[in-house]
Every structure is written in C-alpha cells, then in structure tokens.
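Data file: final-v4.txt. Format and content: compact mmCIF, C-alpha atoms.
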```
# COMPACT_ATOMS: atom_id res chain seq x y z
CA MET N 1 113.79 113.93 200.60
CA GLY N 2 114.28 113.29 196.92
CA GLN N 3 113.46 109.59 197.15
CA GLU N 4 109.89 109.90 195.91
CA VAL N 5 109.04 107.85 192.86
CA LYS N 6 106.39 108.57 190.28
CA HIS N 7 104.76 105.41 188.97
CA VAL N 8 102.91 105.72 185.67
CA PHE N 9 100.57 102.96 184.53
CA LEU N 10 99.67 102.86 180.87
CA ASP N 11 96.71 101.29 179.15
CA GLN N 12 94.26 102.14 176.39
CA PHE N 13 91.91 104.42 178.34
CA GLY N 14 93.66 105.06 181.66
CA CYS N 15 90.80 103.71 183.75
CA PHE N 16 90.82 99.93 183.49
CA ALA N 17 93.86 97.72 184.20
CA SER N 18 96.05 100.81 184.68
CA LEU N 19 93.78 102.20 187.39
CA VAL N 20 93.54 98.86 189.19
CA ALA N 21 97.32 98.50 188.98
CA ALA N 22 97.84 102.04 190.33
CA PHE N 23 95.56 101.37 193.30
CA PHE N 24 97.21 98.03 194.01
CA ALA N 25 100.71 99.52 193.79
CA ALA N 26 99.70 102.37 196.11
CA GLY N 27 98.49 99.83 198.67
CA TYR N 28 94.79 100.64 198.45
CA LEU N 29 93.84 97.28 196.99
CA LYS N 30 94.72 93.74 198.00
CA GLU N 31 95.60 90.99 195.55
CA GLU N 32 92.51 89.03 196.54
CA ALA N 33 90.13 92.00 196.13
CA ASP N 34 86.79 91.08 194.58
CA PHE N 35 84.90 92.95 191.89
CA ARG N 36 82.86 95.03 194.37
CA GLN N 37 86.04 96.63 195.66
CA LEU N 38 87.11 97.48 192.13
CA LEU N 39 83.78 99.18 191.56
CA LEU N 40 84.53 101.44 194.55
CA ILE N 41 87.68 102.85 192.92
CA PRO N 42 86.95 106.42 191.81
CA ASP N 43 86.63 106.72 188.03
CA PHE N 44 86.98 102.98 187.53
CA ALA N 45 85.79 102.06 184.00
CA GLU N 46 84.73 105.67 183.43
CA PRO N 47 86.82 106.99 180.55
CA TYR N 48 86.64 110.77 180.39
CA HIS N 49 87.14 110.45 176.69
CA TYR N 50 88.71 108.02 174.27
CA HIS N 51 91.73 110.08 173.28
CA PRO N 52 95.29 109.13 174.23
CA GLY N 53 97.43 111.39 176.38
CA GLU N 54 95.28 111.95 179.45
CA LEU N 55 97.44 111.91 182.58
CA GLN N 56 95.71 111.51 185.95
CA LEU N 57 97.17 111.45 189.45
CA ARG N 58 95.31 108.57 191.08
CA ALA N 59 96.95 108.03 194.46
CA ARG N 60 99.76 109.06 196.75
CA ASP N 61 101.22 106.82 199.45
CA GLU N 62 102.69 107.67 202.85
CA GLN N 63 106.24 107.83 201.48
CA GLY N 64 105.19 110.54 199.05
CA ASN N 65 105.28 108.27 195.99
CA GLU N 66 102.72 109.18 193.36
CA TYR N 67 100.69 106.84 191.18
CA TYR N 68 99.42 108.02 187.82
CA THR N 69 97.51 106.56 184.91
CA LEU N 70 98.13 107.61 181.34
CA SER N 71 95.81 106.67 178.50
CA ALA N 72 97.84 105.72 175.47
CA GLY N 73 95.31 104.23 173.06
CA VAL N 74 96.90 101.36 171.18
CA TYR N 75 100.36 102.86 171.72
CA SER N 76 101.10 101.85 175.33
CA SER N 77 104.12 99.79 174.36
CA PHE N 78 105.40 102.55 172.02
CA VAL N 79 104.99 105.12 174.80
CA LYS N 80 106.69 102.95 177.42
CA THR N 81 109.63 101.81 175.35
CA VAL N 82 110.30 104.77 173.04
CA LEU N 83 108.32 108.01 173.54
CA GLY N 84 108.69 108.16 177.32
CA PRO N 85 112.43 107.44 177.46
CA GLU N 86 113.08 109.82 174.53
CA ILE N 87 111.39 112.87 176.07
CA LEU N 88 112.87 112.06 179.49
CA ARG N 89 116.31 112.03 177.86
CA LEU N 90 115.66 115.57 176.61
CA LEU N 91 114.32 116.68 179.96
CA GLY N 92 117.51 115.64 181.73
CA PRO N 93 117.88 114.44 185.35
CA GLN N 94 114.60 114.34 187.23
CA LYS N 95 112.75 112.48 189.92
CA GLN N 96 112.62 108.75 189.49
CA LEU N 97 109.89 107.78 187.07
CA LEU N 98 108.74 104.22 186.47
CA LEU N 99 106.52 103.26 183.54
CA TYR N 100 104.36 100.16 183.45
CA ASP N 101 102.47 98.93 180.42
CA VAL N 102 99.44 96.92 181.53
CA SER N 103 97.41 97.45 178.35
CA ARG N 104 97.61 93.78 177.38
CA LEU N 105 95.66 92.87 180.48
CA ASN N 106 92.61 94.64 179.08
CA PRO N 107 90.83 92.16 176.80
CA TRP N 108 90.46 93.53 173.29
CA PRO N 109 86.80 92.47 172.89
CA LEU N 110 85.87 94.51 175.96
CA SER N 111 87.97 97.46 174.79
CA LEU N 112 86.28 97.30 171.41
CA LEU N 113 82.87 97.08 173.06
CA GLU N 114 83.79 100.14 175.13
CA LEU N 115 84.51 102.09 171.96
CA LEU N 116 81.38 100.87 170.20
CA LEU N 117 79.08 101.63 173.12
CA GLY N 118 80.74 105.00 173.77
CA GLY N 119 79.54 105.17 177.38
CA ARG N 120 76.11 103.60 177.00
CA PHE N 121 75.10 100.84 179.46
CA ARG N 122 77.83 102.13 181.78
CA GLN N 123 76.61 100.24 184.87
CA PHE N 124 76.62 96.97 182.99
CA THR N 125 80.03 97.47 181.37
CA ARG N 126 81.61 98.63 184.66
CA THR N 127 80.48 95.42 186.33
CA VAL N 128 81.80 93.28 183.48
CA TRP N 129 85.17 95.08 183.62
CA ALA N 130 85.32 94.76 187.40
CA LYS N 131 84.58 91.03 187.34
CA TYR N 132 87.12 90.45 184.60
CA LEU N 133 89.91 92.51 186.16
CA SER N 134 89.35 91.17 189.68
CA ALA N 135 89.87 87.68 188.26
CA ARG N 136 93.08 88.90 186.60
CA LEU N 137 94.39 90.79 189.60
CA PRO N 138 97.13 88.22 190.37
CA LEU N 139 98.33 88.63 186.80
CA ILE N 140 98.29 92.42 187.12
CA VAL N 141 100.36 92.11 190.31
CA ARG N 142 102.82 89.83 188.54
CA ARG N 143 103.08 92.21 185.59
CA ILE N 144 103.82 95.14 187.90
CA LYS N 145 106.55 93.20 189.70
CA GLU N 146 108.09 91.96 186.45
CA GLN N 147 108.29 95.46 185.01
CA HIS N 148 109.41 97.06 188.25
CA TYR N 149 112.39 94.79 188.71
CA ARG N 150 113.37 94.61 185.04
CA MET K 151 113.69 126.45 173.48
CA LYS K 152 113.47 122.99 171.97
CA ILE K 153 111.48 122.90 168.74
CA ILE K 154 110.39 119.41 167.73
CA TYR K 155 109.06 119.02 164.18
CA ASN K 156 107.00 115.86 163.97
CA CYS K 157 105.38 113.82 161.23
CA TYR K 158 104.44 110.17 160.64
CA GLY K 159 107.90 108.73 160.00
CA GLY K 160 110.29 111.60 160.76
CA ALA K 161 111.81 111.14 157.33
CA HIS K 162 110.36 113.75 154.95
CA SER K 163 108.07 116.62 155.97
CA SER K 164 109.52 117.14 159.46
CA VAL K 165 113.08 116.97 158.13
CA THR K 166 112.25 119.43 155.33
CA ALA K 167 110.61 121.91 157.71
CA ALA K 168 113.45 121.61 160.23
CA ALA K 169 116.03 122.13 157.47
CA ILE K 170 114.22 125.28 156.29
CA HIS K 171 114.20 126.48 159.90
CA LEU K 172 117.95 125.92 160.15
CA GLY K 173 118.58 127.75 156.87
CA TRP K 174 119.83 124.66 155.09
CA LEU K 175 117.34 124.96 152.24
CA PRO K 176 116.63 127.91 149.92
CA GLU K 177 113.76 130.28 150.60
CA THR K 178 113.31 131.55 147.07
CA ARG K 179 112.95 128.32 145.12
CA PRO K 180 112.12 124.64 145.74
CA PRO K 181 115.18 122.58 146.69
CA THR K 182 116.81 120.24 144.21
CA ALA K 183 116.73 116.48 144.71
CA ARG K 184 120.39 116.57 145.68
CA GLU K 185 119.78 119.27 148.30
CA LEU K 186 116.99 117.19 149.85
CA LEU K 187 118.96 113.96 149.81
CA ASN K 188 121.92 115.69 151.46
CA LEU K 189 119.78 116.46 154.51
CA PRO K 190 120.39 114.21 157.50
CA TYR K 191 117.59 111.66 157.97
CA TYR K 192 115.79 112.64 154.72
CA ASP K 193 114.21 109.45 153.35
CA ALA K 194 116.48 107.53 155.67
CA GLN K 195 114.48 106.72 158.81
CA LYS K 196 112.91 103.30 159.20
CA GLY K 197 110.19 101.78 161.35
CA LYS K 198 112.54 101.16 164.26
CA ASP K 199 113.39 104.88 164.31
CA HIS K 200 109.79 105.94 165.00
CA GLY K 201 109.61 107.95 168.19
CA ARG K 202 113.35 108.65 168.32
CA ILE K 203 113.90 112.38 168.76
CA ARG K 204 116.75 113.36 166.42
CA PHE K 205 118.73 116.53 166.97
CA LEU K 206 119.40 118.47 163.77
CA GLY K 207 121.05 121.67 164.97
CA PHE K 208 120.75 125.10 166.56
CA ASP K 209 118.92 127.92 164.81
CA CYS K 210 120.15 131.52 164.74
CA LEU K 211 118.43 132.23 168.07
CA GLY K 212 120.09 129.28 169.79
CA ASN K 213 116.97 127.08 169.79
CA GLU K 214 117.50 123.35 169.48
CA ILE K 215 115.79 121.86 166.44
CA TYR K 216 114.68 118.23 166.45
CA VAL K 217 112.68 115.89 164.23
CA VAL K 218 110.67 112.85 165.22
CA GLY K 219 108.31 110.29 163.70
CA LYS K 220 105.18 109.76 165.77
CA LYS K 221 103.37 107.08 163.73
CA SER K 222 99.59 107.64 163.70
CA LEU K 223 99.41 109.45 167.03
CA GLY K 224 98.53 112.75 165.37
CA PRO K 225 97.81 115.53 167.87
CA TYR K 226 97.97 113.05 170.76
CA TYR K 227 101.74 112.87 170.37
CA GLU K 228 102.06 116.37 171.79
CA LYS K 229 99.59 115.62 174.55
CA ILE K 230 101.53 112.53 175.64
CA MET K 231 104.85 114.40 175.50
CA ARG K 232 103.43 117.26 177.54
CA SER K 233 102.18 114.76 180.11
CA PHE K 234 105.76 113.57 180.55
CA ILE K 235 106.99 117.16 180.84
CA THR K 236 104.41 117.68 183.61
CA LEU K 237 105.53 114.49 185.34
CA SER K 238 109.15 115.61 185.20
CA GLU K 239 108.22 119.08 186.41
CA GLY K 240 109.82 120.52 183.29
CA ARG K 241 108.85 123.87 181.79
CA GLN K 242 106.12 123.48 179.19
CA ASP K 243 107.06 126.71 177.45
CA GLU K 244 110.54 125.38 176.70
CA TYR K 245 109.07 122.89 174.23
CA LEU K 246 107.35 123.62 170.95
CA PHE K 247 105.87 120.68 169.05
CA VAL K 248 105.22 121.38 165.38
CA ASP K 249 103.01 118.98 163.45
CA THR K 250 104.01 118.98 159.78
CA MET K 251 101.44 116.39 158.70
CA PRO K 252 98.78 118.89 157.54
CA TYR K 253 101.22 120.05 154.83
CA VAL K 254 101.95 116.60 153.46
CA ASN K 255 100.45 115.93 150.03
CA LEU K 256 99.40 112.66 148.42
CA TRP K 257 102.68 112.38 146.49
CA MET K 258 104.64 112.44 149.72
CA VAL K 259 102.34 109.85 151.30
CA ILE K 260 102.65 107.48 148.34
CA GLY K 261 106.39 108.03 147.86
CA GLY K 262 107.10 107.77 151.58
CA PHE K 263 105.08 104.59 151.87
CA LEU K 264 106.85 102.97 148.92
CA SER K 265 110.32 104.04 149.98
CA ARG K 266 110.17 103.65 153.77
CA ARG K 267 107.49 101.06 154.46
CA LEU K 268 107.94 98.80 151.45
CA GLY K 269 111.64 99.49 150.94
CA MET K 270 111.03 100.38 147.28
CA VAL K 271 113.46 103.30 147.08
CA VAL K 272 112.90 103.23 143.33
CA PRO K 273 110.24 104.52 142.56
CA GLY K 274 109.38 105.78 146.08
CA ARG K 275 112.20 108.27 146.47
CA PRO K 276 111.63 110.27 143.24
CA ILE K 277 107.92 110.45 144.05
CA VAL K 278 108.47 111.72 147.59
CA ILE K 279 111.01 114.27 146.34
CA TYR K 280 108.50 115.46 143.73
CA GLY K 281 105.88 115.76 146.49
CA THR K 282 108.25 117.63 148.79
CA ARG K 283 109.06 120.12 146.06
CA ARG K 284 105.35 120.64 145.34
CA ALA K 285 104.53 121.22 149.01
CA TYR K 286 107.64 123.28 149.64
CA LYS K 287 105.88 126.69 149.78
CA LYS K 288 103.63 125.36 152.52
CA PHE K 289 106.60 124.22 154.57
CA LEU K 290 108.22 127.65 154.09
CA HIS K 291 105.01 129.27 155.31
CA LEU K 292 104.82 126.97 158.35
CA VAL K 293 108.41 127.70 159.33
CA LYS K 294 107.83 131.46 159.02
CA ILE K 295 104.94 131.12 161.47
CA ILE K 296 107.09 129.14 163.89
CA GLN K 297 109.97 131.58 163.64
CA GLY K 298 107.50 134.38 164.32
CA LYS K 299 106.38 132.58 167.47
CA GLU K 300 109.94 132.20 168.66
CA LEU K 301 110.53 135.93 168.51
CA GLN K 302 107.48 136.73 170.66
```
Output the file's structure as structure tokens, nothing else.
Amino acid sequence: MGQEVKHVFLDQFGCFASLVAAFFAAGYLKEEADFRQLLLIPDFAEPYHYHPGELQLRARDEQGNEYYTLSAGVYSSFVKTVLGPEILRLLGPQKQLLLYDVSRLNPWPLSLLELLLGGRFRQFTRTVWAKYLSARLPLIVRRIKEQHYR
Amino acid sequence: MKIIYNCYGGAHSSVTAAAIHLGWLPETRPPTARELLNLPYYDAQKGKDHGRIRFLGFDCLGNEIYVVGKKSLGPYYEKIMRSFITLSEGRQDEYLFVDTMPYVNLWMVIGGFLSRRLGMVVPGRPIVIYGTRRAYKKFLHLVKIIQGKELQ
C-alpha cells in the first residue's frame, strides 16, 4: 500500500509520443512493436482538441501504478521543470508522481501538419505518425529511462 | 484557500491585484510610483522566474495570496494546474486561479516588455507604472469580485 506511482507523459497533444511512451511504460507495448500495434492503441493520434491541459488516464498496471498523458502544447518542458514542481510544492506530500517530457520526439513538421489539417485525412496522418513513432520507439524507451533515473 | 493571481510575467498586474487584495494599496485613489515600487516582485521578476509561485501574504480571512507568471499559457495555465491537483488528489475548491491579463492595457504591455524582456528599465518602468495607474480601477473591481467569491 502507498507504493503506487503516477507516471505522467507530456507532449504537445497528449496522443502521440506521450501515449506510446505511456503504453510502453505500462508494459502494453514492446520496444520492437511495429506501426500496426501503435495503431491499435486507443486514441492514438486522435487529439480530442488542440488545447493544452488535457489529462487522460491511459493505463494501469498490476502493481496499481497509473500512466497518464498530459497535453502541454509547446510548454512541455516548462510544465515538467517549473509548473509541475511548483504546484506540487504547494500541494504538499502526496503519492509519488513522475513527469516525463517526450515532446521532442514528435517531429515538428508532423505536429504543424496536424494543426494545419485540424483532423482531416485522419487515417493517413495516423499511419504516418505510427510509422514514424514505431521507428523511434527505441529512442522513446531511452528517453523514459533517462528521465526516470535522473 | 490559496488564491493565485496570474499574468504573463508575474511582475505587474498580478502583483498589483494581489497587493490590493492584501490591503497594501489604497482603494480610493491610484497608487503612487513609490507605493508600486515598494511592492515585492513589482517590476522585478525576470524570465527565469516564470512559473514560480510566489507567496505574498495572508488576507484578512486567512487565505494565502500568491502571484505567478504563466508566459503565454493564458487560460490553459489553470487547466494544467488543476490537472496536477487532480493527480495529487488535492481539493480543487482550495485553489482559486485569477487571471489578471484581461485588465492589462497597452501601456503595461509596452512598459513591461521594455523593462522586463529588454532590460530597459528606463523608459520601461515609468511607462508600466503609468499603465498600472490607468488600469487601477479595473484591478480594484477584479479584487472586489474575488473577495466576494471568498465570502460565499
């Protein structure tokens, strides 16, 4: 009891690298997963909207740890390094909370395209995102481990 | 309750509103330049201070009053903060986020930019003080609304 950890993965929209990272960290995805498996992740590459601040519980493992995504727009680093720690300081002692910024693993041209298309050609863009992020999965894994043990 | 006044840089409008709330500034006239410059953090925060939640004091009801600079996050600042409160299983009703940006006038924007972003205290500071004095009634009005909420 009391050992559960909440893992929060931050990126621009909360449904690209952050979602893949959350599923990997929860044990639902292997490092060598291909793009078809990424496409099976619920809500993958389906932003509900383009506004920062949306928190979603994505997975829960057998130990009771919870895995969240948080969309932070272009402020993932600001949220991870300043806003999060500041509000947690005010909130006082709480369950263990780990923040991971994986926003840099989303390529900016694709993120820009996402904004410009605003949800059009969703099937096509989902596939492009899945192919890109499956190729970068080892890097996502490395980023998670780096930030976790920092 | 924790009341967090927030604006772009946490250096002018949020500090002014928080100081009114704490009774540090007059209610019947605009403050003098000296009164504004004597406030903690007024025209003093820099880029590295963005996001840092600064405690200013307790109001007469025992509420904790804070100021913070949120950069261009606008209304999403509160949404992100409330997400963290949810994650920490904190009480949402213990936190009140007050956005002071809608009351900021062009003088404050120009003066604040010159003084804080470009480091040109002269002429930035006199301009931002002029702007603060011009917008002062609006800040008074905002704080009255917030103090009314507290009593409910």
query: How many Å lie between atom CA of Arg284 of chain K and atom CA of Tyr226 of chain K, rounded to one decimal?
result: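 According to the coordinates, atom CA of Arg284 of chain K and atom CA of Tyr226 of chain K are separated by 27.5 Å.
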Could the residues of chain N within 7 Å of chain K, counting only C-alpha atoms, be given as a PDB file with C-alpha atoms, in the coordinates of the input, please?
```pdb
ATOM      1  CA  PRO N  52      95.290 109.130 174.230  1.00  0.00           C
ATOM      2  CA  GLY N  53      97.430 111.390 176.380  1.00  0.00           C
ATOM      3  CA  LEU N  55      97.440 111.910 182.580  1.00  0.00           C
ATOM      4  CA  VAL N  82     110.300 104.770 173.040  1.00  0.00           C
ATOM      5  CA  LEU N  83     108.320 108.010 173.540  1.00  0.00           C
ATOM      6  CA  GLY N  84     108.690 108.160 177.320  1.00  0.00           C
ATOM      7  CA  GLU N  86     113.080 109.820 174.530  1.00  0.00           C
ATOM      8  CA  ILE N  87     111.390 112.870 176.070  1.00  0.00           C
ATOM      9  CA  LEU N  91     114.320 116.680 179.960  1.00  0.00           C
ATOM     10  CA  GLN N  94     114.600 114.340 187.230  1.00  0.00           C
ATOM     11  CA  LYS N  95     112.750 112.480 189.920  1.00  0.00           C
TER      12      LYS N  95
END
```
Polymer residues at most 10 Å from Pro107 of chain N, all atoms listed in the file, same-chain spacing of 3 or more positions, as a tab-separated table (two decimals) with C-alpha atoms, in the coordinates of the input:
```tsv
chain	number	residue	atom	x	y	z
N	17	ALA	CA	93.86	97.72	184.20
N	103	SER	CA	97.41	97.45	178.35
N	104	ARG	CA	97.61	93.78	177.38
N	110	LEU	CA	85.87	94.51	175.96
N	111	SER	CA	87.97	97.46	174.79
N	112	LEU	CA	86.28	97.30	171.41
N	129	TRP	CA	85.17	95.08	183.62
N	132	TYR	CA	87.12	90.45	184.60
N	133	LEU	CA	89.91	92.51	186.16
```
message: Report, in Å with one decimal, the straight-line distance from atom CA of Val5 of chain N to atom CA of Leu70 of chain N.
response: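 Separation between atom CA of Val5 of chain N and atom CA of Leu70 of chain N: 15.9 Å.
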query: Using all atoms listed in the file, which residue out of K:Val217, K:Pro273, K:Phe263, K:Cys210 lies closest to Phe247 of chain K?
result: K:Val217
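Compared by their closest atoms to Leu98 of chain N, and using all atoms listed in the file, the residues N:Glu4, N:Asp61, N:Glu32, N:Glu54 rank with N:Glu4 nearest.
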- prompt: For Phe13 of chain N, which residue among N:Leu97, N:Leu115, N:Ala59, N:Ala33 is the nearest when counting all atoms listed in the file?
  reply: N:Leu115
field: Given only C-alpha atoms as the counted atoms, nearest of N:Gly92, N:Gly73, N:Gly119, N:Pro85 to Tyr48 of chain N
entry: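 Of N:Gly92, N:Gly73, N:Gly119, N:Pro85, the one nearest Tyr48 of chain N, counting only C-alpha atoms, is N:Gly119.
Atom pair atom CA of Leu137 of chain N / atom CA of Arg58 of chain N has a distance of 17.9 Å (rounded to one decimal).
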task: Please provide as an MDAnalysis selection string all residues within 9 Å of Tyr253 of chain K, with the sequence filter that same-chain residues fewer than 6 positions apart are discarded (counting all atoms listed in the file).
output: chainID K and resid 163 285:286 288:289 292
Residues within 12 Å of Gln147 of chain N, please, as a PDB file with C-alpha atoms, in the coordinates of the input. Count only C-alpha atoms; anything in the same chain fewer than 3 positions from it doesn't count.
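Everything below was put into part05.pdb:
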```
ATOM      1  CA  HIS N   7     104.760 105.410 188.970  1.00  0.00           C
ATOM      2  CA  VAL N   8     102.910 105.720 185.670  1.00  0.00           C
ATOM      3  CA  PHE N   9     100.570 102.960 184.530  1.00  0.00           C
ATOM      4  CA  LYS N  80     106.690 102.950 177.420  1.00  0.00           C
ATOM      5  CA  THR N  81     109.630 101.810 175.350  1.00  0.00           C
ATOM      6  CA  LEU N  98     108.740 104.220 186.470  1.00  0.00           C
ATOM      7  CA  LEU N  99     106.520 103.260 183.540  1.00  0.00           C
ATOM      8  CA  TYR N 100     104.360 100.160 183.450  1.00  0.00           C
ATOM      9  CA  ASP N 101     102.470  98.930 180.420  1.00  0.00           C
ATOM     10  CA  VAL N 102      99.440  96.920 181.530  1.00  0.00           C
ATOM     11  CA  ILE N 140      98.290  92.420 187.120  1.00  0.00           C
ATOM     12  CA  VAL N 141     100.360  92.110 190.310  1.00  0.00           C
ATOM     13  CA  ARG N 142     102.820  89.830 188.540  1.00  0.00           C
ATOM     14  CA  ARG N 143     103.080  92.210 185.590  1.00  0.00           C
ATOM     15  CA  ILE N 144     103.820  95.140 187.900  1.00  0.00           C
ATOM     16  CA  ARG N 150     113.370  94.610 185.040  1.00  0.00           C
TER      17      ARG N 150
END
```
message: Report as a list in words all protein, DNA and RNA residues lying within 10 Å of Tyr28 of chain N, evaluated on all atoms listed in the file, omitting residues in the same chain fewer than 3 positions from it.
response: Val20, Ala22, Phe23, Phe24, Ala25, Ile41, Ala59, Arg60 and Asp61 of chain N
Print the selection's residues with C-alpha atoms to a file, as a PDB file, in the frame of the given file.
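New file again.pdb:
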```
ATOM      1  CA  VAL N  20      93.540  98.860 189.190  1.00  0.00           C
ATOM      2  CA  ALA N  22      97.840 102.040 190.330  1.00  0.00           C
ATOM      3  CA  PHE N  23      95.560 101.370 193.300  1.00  0.00           C
ATOM      4  CA  PHE N  24      97.210  98.030 194.010  1.00  0.00           C
ATOM      5  CA  ALA N  25     100.710  99.520 193.790  1.00  0.00           C
ATOM      6  CA  ILE N  41      87.680 102.850 192.920  1.00  0.00           C
ATOM      7  CA  ALA N  59      96.950 108.030 194.460  1.00  0.00           C
ATOM      8  CA  ARG N  60      99.760 109.060 196.750  1.00  0.00           C
ATOM      9  CA  ASP N  61     101.220 106.820 199.450  1.00  0.00           C
TER      10      ASP N  61
END
```
Near Thr166 of chain K, within 8 Å and counting all atoms listed in the file, which residues show up once chain neighbours fewer than 5 positions away are dropped, as a PDB file with C-alpha atoms, keeping the file's coordinate frame?
```
ATOM      1  CA  LEU K 186     116.990 117.190 149.850  1.00  0.00           C
ATOM      2  CA  TYR K 192     115.790 112.640 154.720  1.00  0.00           C
ATOM      3  CA  THR K 282     108.250 117.630 148.790  1.00  0.00           C
ATOM      4  CA  PHE K 289     106.600 124.220 154.570  1.00  0.00           C
TER       5      PHE K 289
END
```
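The closest residue to Ala161 of chain K, picked from K:Gly212, K:Gly274, K:Gly219, K:Pro252 and counting all atoms listed in the file, is K:Gly219.
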